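Chemist: Quick one: the structure is below, questions incoming.
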Amino acid sequence: MSGIKSYRELLIWQKGIRIVVLVYKLTQNFPKEEIYALTSQIKRASVSIPSNIAEGFGRQTDKSFHHFLNISRGSLNELETQLILAKELEFNLDEKIFNEIMLLIEEESKMIHSFSKKLKN
């Protein structure tokens, strides 16, 4: 991680923040009865992505950072699954935002995987 002074410089963290912002926009129109159920789970999973990247960076060892990147990827998978459920349950989804999030999830997963491999080498 030579030359990187802050987790905020990492593209994987920046993309994670973008996912969170879009998730919050997407869930605004979800059914009110889901506010403490699937909506809450979706928001928590999205927030977990950049949060674990930041925490891993702060641990200052490649081994710890790698561990937290794996947690972040798990949260990506969790988020993707929950968004698919919301679509299948026919929640009021903005298709444009939904599709953008799904694309970002795919990109983020690949980026985290690649970054994680570099840490191990």
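Labels used: A, B, ... for chains in the order of the structure tokens, numbers from 1 for residues in each chain, and numbers from 1 for ligands as shown.
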Can you tell me, as a ChimeraX atom specification, what residues are no more than 9 Å from region 54-60 of chain A when counting only C-alpha atoms, ignoring any on the same chain fewer than 3 positions away?
Modeler: /A:6-8,13,49-51,63-69
Chemist: Env of region 26-28 of chain A: 7 Å cut, atoms = only C-alpha atoms, seq-sep filter 6 positions within chain, self excluded. Answer as a PyMOL selection string.
Modeler: chain A and resi 39+93-94+97-98
Chemist: Mind dumping the selected residues with C-alpha atoms as an mmCIF file, in the first residue's frame?
Modeler:
```cif
data_model
loop_
_atom_site.group_PDB
_atom_site.id
_atom_site.type_symbol
_atom_site.label_atom_id
_atom_site.label_comp_id
_atom_site.auth_asym_id
_atom_site.auth_seq_id
_atom_site.Cartn_x
_atom_site.Cartn_y
_atom_site.Cartn_z
ATOM 1 C CA THR A 39 -34.956 -2.401 3.739
ATOM 2 C CA LEU A 93 -37.838 -0.119 -7.718
ATOM 3 C CA ASP A 94 -36.342 2.600 -9.847
ATOM 4 C CA ILE A 97 -30.867 2.971 -10.033
ATOM 5 C CA PHE A 98 -31.319 -0.782 -9.523
#
```
Chemist: Contacts of Ser48 (chain A) at 7 Å or less, counting only C-alpha atoms, minus same-chain residues fewer than 4 places along, as a list in words?
Modeler: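 In the requested form, the answer reads Arg44, Asn52, Ser72 and Ser75 of chain A.
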Chemist: List the spatial neighbours of Val21 (chain A) as a PyMOL selection string - criterion: any atom at most 10 Å away, only C-alpha atoms, same-chain residues fewer than 3 positions off excluded.
Modeler: chain A and resi 15-18+24-26+43+46-47+101
Chemist: A:Lys96, A:Ile84, A:Leu38, A:Met111: which is nearest Asn70 (chain A), counting only C-alpha atoms?
Modeler: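 Nearest candidate to Asn70 (chain A) out of A:Lys96, A:Ile84, A:Leu38, A:Met111: A:Met111.
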Chemist: Enumerate as a PyMOL selection string all residues of chain A assigned to helix (DSSP H, G or I) by DSSP on the backbone, naming them with the chain letters and numbers the document uses.
Modeler: chain A and resi 7-9+11-27+32-34+38-58+62-88+95-120
Chemist: So how far away is CA of Asn99 (chain A) from CA of Ile53 (chain A), in Å?
Modeler: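 Separation between CA of Ile53 (chain A) and CA of Asn99 (chain A): 23.4 Å.
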